[in-house]
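First comes the structure, then the notes that go with it.
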Protein chains: 2
Amino acid sequence: MGISERKAREKQEMRLRIIEAATEMFMSEGYEKTSIRNIAEKIEYSPATIYLYYKDKDELLYEVQKQAFSQLEEAFARDATSPDPWVRLGQICHSYVRFGKAHPEMYELMFMMRAPMNSIKENEPWRNNTDSFVVLLTCLTECMEKGLLRFKDVTLAAFSVWAMGHGLVSLDVSCRLQAMNMTEQHVEEMILASIEQYLNLIKS
Amino acid sequence: MGISERKAREKQEMRLRIIEAATEMFMSEGYEKTSIRNIAEKIEYSPATIYLYYKDKDELLYEVQKQAFSQLEEAFARDATSPDPWVRLGQICHSYVRFGKAHPEMYELMFMMRAPMNSIKENEPWRNNTDSFVVLLTCLTECMEKGLLRFKDVTLAAFSVWAMGHGLVSLDVSCRLQAMNMTEQHVEEMILASIEQYLNLIKS
DNA sequence: AAAGTAACTAAACAGTGTTCATATTTTTCA
DNA sequence: TGAAAAATATGAACACTGTTTAGTTACTTT
């Protein structure tokens, strides 16, 4: 049955073409410009065709989000290379912040927008972030095994570190920092200083 | 010239009626349902009329945001009453989290959505959050004067505390925590535990 | 070649923010 | 008081949005 396999492959290729167009649009033009109609035009199909491959826009955005998370993983793989878990923790934090600043629209899709989360079925977990979260979790586990951290529980530690990083990046992405009598450079310094400070606080 | 004053007052009353309708809609029906047309219908005017009082939807949302921030201030005034700044810091944090959980749509408007920030003119600061931020700033200043905190700079301290709180609340509001194999109760416990842990970390 | 299936799309629906020419109401002033 | 002027309000339109459906085209199977 080579034909049905080819069909399935073609279907998958079309799905990929759609989210690649959407991803590119998201990165270069931003969320506002990324409409079903614009995506359709980009891949030279009718808008209705997209609905043969994705249930609705939320489901499409969920797949674009997945794409974005694998980009974050790549960034982690490039930046967080030290065998020393404590050094690596710093690398992860800086990589995270750099990613957010470089791709604010993607960051919004990954961590701030409600839309993509609507397509998760009830009682099913969010898988898109799993791999990148594990990078942090593993690093913190290693740190704690060496007794480097003032934490008791690894999970709680991971959530705290994530929350701290996300708090800083998302306030920046959502323009809440620029708005407070700060220059763009000042904002960046403050974010880095906050992270340095936080890492110092959690070090035992 | 009592007439022009009355006119100005009436104009202000109309502006208020509009944002009160919008605020109520935002809280009960959510952002999605709060359209110019729906607001207009609620106050029994034509949609076009709203544009005589507000330049665009972003400007309107900015005023609704202002309303929301004064509600947060009220919450702080109710909850953060201790004369002991260290105790009060805990009260502020818990008040903040409770507010976010009670009014997620408002929280989004205050700290996550881009839209309301678009109406801030270039090189003009964001004033809506000033008063509530000062509550935190004052508290931390008092704490540091008593040597209770492991911070050097008050501003940096305030940003860090805010970022931590916002990180936790916004991840919750944007459904990033529920999505990770956690029950709603578990999420709440984790947020509170993270805050307790953080307060412990910053205590000298 | 005919029948059946899969892929695609034009057109429409109901909604959005926003603008503008056209009323309607209110105020001013002769 | 009555006409001109100014302020206020709106109906209708424009250009969008996500989504659905009926109908067409293209390919596969018999």
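Letters A, B, ... mark the chains of the structure tokens in the order given; residue numbers begin at 1 per chain; ligand numbers begin at 1, in order shown.
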task: Identify, on the basis of only C-alpha atoms (C1' of nucleotides), every residue whose closest approach to DA6 in chain C does not exceed 12 Å; exclude the query and any residue fewer than 6 positions from it along the same chain; express the result as an NGL selection string.
output: (:A and (4 or 7 or 11 or 52)) or (:D and (25-28))
message: Please extract the residues of chain A with a backbone DSSP assignment of alpha helix (DSSP H) and present them as a PyMOL selection string.
response: chain A and resi 2-28+36-42+47-50+57-79+85-102+104-107+130-145+154-173+184-202
- request: Enumerate as a ChimeraX atom specification the residues belonging to chain C that approach chain B to within 9 Å, with only C-alpha atoms (C1' of nucleotides) taken into account.
  value: /C:16-19
Take the selection from the previous step and output its residues with C-alpha atoms (C1' of nucleotides), as a PDB file, in the first residue's frame.
ATOM      1  C1'  DT C  16     -14.469  43.219  14.080  1.00  0.00           C
ATOM      2  C1'  DG C  17     -12.321  48.431  14.314  1.00  0.00           C
ATOM      3  C1'  DT C  18     -12.866  52.619  12.059  1.00  0.00           C
ATOM      4  C1'  DT C  19     -14.396  56.621   9.054  1.00  0.00           C
TER       5       DT C  19
END
Can you write out as JSON lines which residues of chain C fall within 12 Å of range 8-19 of chain D, alongside each residue's closest atom pair and its distance in Å to one decimal, counting only C-alpha atoms (C1' of nucleotides) and ordering rows by chain and ascending residue number?
{"residue": "C:DA12", "atom": "C1'", "partner": "D:DT19", "partner_atom": "C1'", "distance": 10.5}
{"residue": "C:DC13", "atom": "C1'", "partner": "D:DT19", "partner_atom": "C1'", "distance": 8.6}
{"residue": "C:DA14", "atom": "C1'", "partner": "D:DT19", "partner_atom": "C1'", "distance": 9.5}
{"residue": "C:DG15", "atom": "C1'", "partner": "D:DT17", "partner_atom": "C1'", "distance": 7.7}
{"residue": "C:DT16", "atom": "C1'", "partner": "D:DT17", "partner_atom": "C1'", "distance": 6.5}
{"residue": "C:DG17", "atom": "C1'", "partner": "D:DC16", "partner_atom": "C1'", "distance": 8.6}
{"residue": "C:DT18", "atom": "C1'", "partner": "D:DC14", "partner_atom": "C1'", "distance": 8.6}
{"residue": "C:DT19", "atom": "C1'", "partner": "D:DC14", "partner_atom": "C1'", "distance": 8.3}
{"residue": "C:DC20", "atom": "C1'", "partner": "D:DA13", "partner_atom": "C1'", "distance": 8.9}
{"residue": "C:DA21", "atom": "C1'", "partner": "D:DA12", "partner_atom": "C1'", "distance": 9.5}
{"residue": "C:DT22", "atom": "C1'", "partner": "D:DT10", "partner_atom": "C1'", "distance": 8.5}
{"residue": "C:DA23", "atom": "C1'", "partner": "D:DT10", "partner_atom": "C1'", "distance": 7.6}
{"residue": "C:DT24", "atom": "C1'", "partner": "D:DA9", "partner_atom": "C1'", "distance": 7.2}
{"residue": "C:DT25", "atom": "C1'", "partner": "D:DT8", "partner_atom": "C1'", "distance": 7.1}
{"residue": "C:DT26", "atom": "C1'", "partner": "D:DT8", "partner_atom": "C1'", "distance": 8.4}
{"residue": "C:DT27", "atom": "C1'", "partner": "D:DT8", "partner_atom": "C1'", "distance": 11.7}
Point-to-point distance from CA of Gly167 in chain B to CA of Met117 in chain B, Å rounded to tenths: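 These atoms are spaced 19.2 Å apart.
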message: Could you tell me which residues of chain A sit within 8 Å of chain B when counting only C-alpha atoms, and give me the result as a PyMOL selection string?
response: chain A and resi 111-114+117+123-127+150+156+159-160+162-168+170-171+174-176+179-181+190+193-194+201-202
message: Can you pull out the residues contacting Tyr31 in chain B? Cut-off 12 Å, using only C-alpha atoms (C1' of nucleotides), and skip same-chain residues under 2 positions away; I want them as a PyMOL selection string.
response: (chain A and resi 114) or (chain B and resi 22-29+33-36+38-39+61+64+103-109+113+115)
field: Pick from D:DA6, D:DT1, D:DT21, D:DT30 nearest to chain A, counting only C-alpha atoms (C1' of nucleotides)
entry: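 Ranked by minimum distance to chain A, first place goes to D:DT21.
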task: Could you check how far CA of Asp84 in chain A sits from CA of Gly100 in chain A, in Å to one decimal?
output: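 Computing it gives 24.3 Å between the two atoms.
Near Leu72 in chain B, within 12 Å and counting only C-alpha atoms (C1' of nucleotides), sit B:Gln65, B:Lys66, B:Arg78, B:Asp79, B:Ala80, B:Ile92, B:Cys93, B:Ser95, B:Tyr96, B:Val97, B:Arg98, B:Phe99, B:Gly100, B:Ala102, B:His103, B:Met106, B:Tyr107, B:Met110, B:Asn128, B:Asn129, B:Thr130, B:Asp131, B:Ser132, B:Phe133, B:Val135; same-chain residues fewer than 6 positions away were not included.
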The selected residues should be written to file as a tab-separated table (two decimals), in the first residue's frame (atoms: N, CA, C and O atoms).
chain	number	residue	atom	x	y	z
B	65	GLN	N	-7.65	50.06	31.82
B	65	GLN	CA	-6.48	49.60	32.58
B	65	GLN	C	-6.26	50.48	33.81
B	65	GLN	O	-5.99	49.98	34.90
B	66	LYS	N	-6.38	51.79	33.62
B	66	LYS	CA	-6.24	52.72	34.73
B	66	LYS	C	-7.23	52.38	35.85
B	66	LYS	O	-6.87	52.30	37.02
B	78	ARG	N	-6.53	47.40	51.41
B	78	ARG	CA	-7.28	46.50	52.29
B	78	ARG	C	-6.37	45.46	52.94
B	78	ARG	O	-6.47	45.19	54.14
B	79	ASP	N	-5.47	44.88	52.12
B	79	ASP	CA	-4.73	43.69	52.56
B	79	ASP	C	-3.39	44.00	53.21
B	79	ASP	O	-2.97	43.32	54.14
B	80	ALA	N	-2.68	45.02	52.70
B	80	ALA	CA	-1.32	45.29	53.18
B	80	ALA	C	-1.36	46.37	54.25
B	80	ALA	O	-1.05	47.52	54.00
B	92	ILE	N	1.46	42.18	50.64
B	92	ILE	CA	1.41	42.72	49.28
B	92	ILE	C	1.47	41.60	48.25
B	92	ILE	O	0.67	41.55	47.32
B	93	CYS	N	2.41	40.70	48.43
B	93	CYS	CA	2.56	39.58	47.49
B	93	CYS	C	1.28	38.75	47.40
B	93	CYS	O	0.81	38.43	46.30
B	95	SER	N	-1.73	39.64	48.23
B	95	SER	CA	-2.80	40.47	47.66
B	95	SER	C	-2.71	40.49	46.14
B	95	SER	O	-3.72	40.38	45.44
B	96	TYR	N	-1.48	40.61	45.67
B	96	TYR	CA	-1.22	40.65	44.22
B	96	TYR	C	-1.68	39.35	43.55
B	96	TYR	O	-2.39	39.37	42.55
B	97	VAL	N	-1.27	38.24	44.14
B	97	VAL	CA	-1.64	36.94	43.57
B	97	VAL	C	-3.15	36.74	43.62
B	97	VAL	O	-3.76	36.30	42.63
B	98	ARG	N	-3.76	37.11	44.73
B	98	ARG	CA	-5.21	36.95	44.87
B	98	ARG	C	-5.94	37.78	43.82
B	98	ARG	O	-6.90	37.32	43.20
B	99	PHE	N	-5.46	39.01	43.61
B	99	PHE	CA	-6.07	39.88	42.60
B	99	PHE	C	-5.99	39.24	41.22
B	99	PHE	O	-6.98	39.22	40.48
B	100	GLY	N	-4.83	38.73	40.87
B	100	GLY	CA	-4.65	38.10	39.56
B	100	GLY	C	-5.56	36.91	39.36
B	100	GLY	O	-6.15	36.73	38.30
B	102	ALA	N	-8.38	36.37	40.94
B	102	ALA	CA	-9.79	36.79	41.00
B	102	ALA	C	-10.22	37.48	39.71
B	102	ALA	O	-11.37	37.35	39.28
B	103	HIS	N	-9.30	38.22	39.09
B	103	HIS	CA	-9.65	38.97	37.88
B	103	HIS	C	-8.62	38.74	36.77
B	103	HIS	O	-7.90	39.65	36.39
B	106	MET	N	-8.66	41.18	33.80
B	106	MET	CA	-8.10	42.48	34.16
B	106	MET	C	-6.58	42.39	34.27
B	106	MET	O	-5.87	43.30	33.84
B	107	TYR	N	-6.12	41.30	34.85
B	107	TYR	CA	-4.68	41.12	34.98
B	107	TYR	C	-4.00	41.13	33.61
B	107	TYR	O	-2.95	41.76	33.43
B	110	MET	N	-3.77	44.60	32.40
B	110	MET	CA	-2.81	45.41	33.14
B	110	MET	C	-1.36	45.09	32.80
B	110	MET	O	-0.52	45.98	32.68
B	128	ASN	N	-0.22	54.57	34.69
B	128	ASN	CA	-1.29	53.80	35.34
B	128	ASN	C	-0.82	52.96	36.52
B	128	ASN	O	-1.54	52.79	37.49
B	129	ASN	N	0.38	52.44	36.42
B	129	ASN	CA	0.85	51.51	37.45
B	129	ASN	C	1.61	52.20	38.57
B	129	ASN	O	2.00	51.57	39.55
B	130	THR	N	1.87	53.49	38.41
B	130	THR	CA	2.78	54.19	39.33
B	130	THR	C	2.39	54.00	40.80
B	130	THR	O	3.21	53.55	41.61
B	131	ASP	N	1.16	54.34	41.14
B	131	ASP	CA	0.74	54.32	42.54
B	131	ASP	C	0.90	52.96	43.19
B	131	ASP	O	1.41	52.84	44.30
B	132	SER	N	0.49	51.90	42.48
B	132	SER	CA	0.59	50.58	43.09
B	132	SER	C	2.05	50.13	43.17
B	132	SER	O	2.44	49.42	44.10
B	133	PHE	N	2.86	50.58	42.21
B	133	PHE	CA	4.28	50.23	42.26
B	133	PHE	C	4.95	50.93	43.45
B	133	PHE	O	5.84	50.35	44.10
B	135	VAL	N	3.59	51.52	46.29
B	135	VAL	CA	3.27	50.75	47.50
B	135	VAL	C	4.37	49.73	47.75
B	135	VAL	O	4.88	49.60	48.88
- request: For C1' of DA3 in chain D and C1' of DA30 in chain C, determine how far apart the two atoms are, in Å to one decimal place.
  value: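 For C1' of DA3 in chain D relative to C1' of DA30 in chain C, the distance reads 9.0 Å.
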task: Go through B:Glu44, B:Glu196, B:Glu145, B:Glu188 and flag the residue nearest chain D, using only C-alpha atoms (C1' of nucleotides) for the distances.
output: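 Looking only at the distances to chain D, the closest residue turns out to be B:Glu44.
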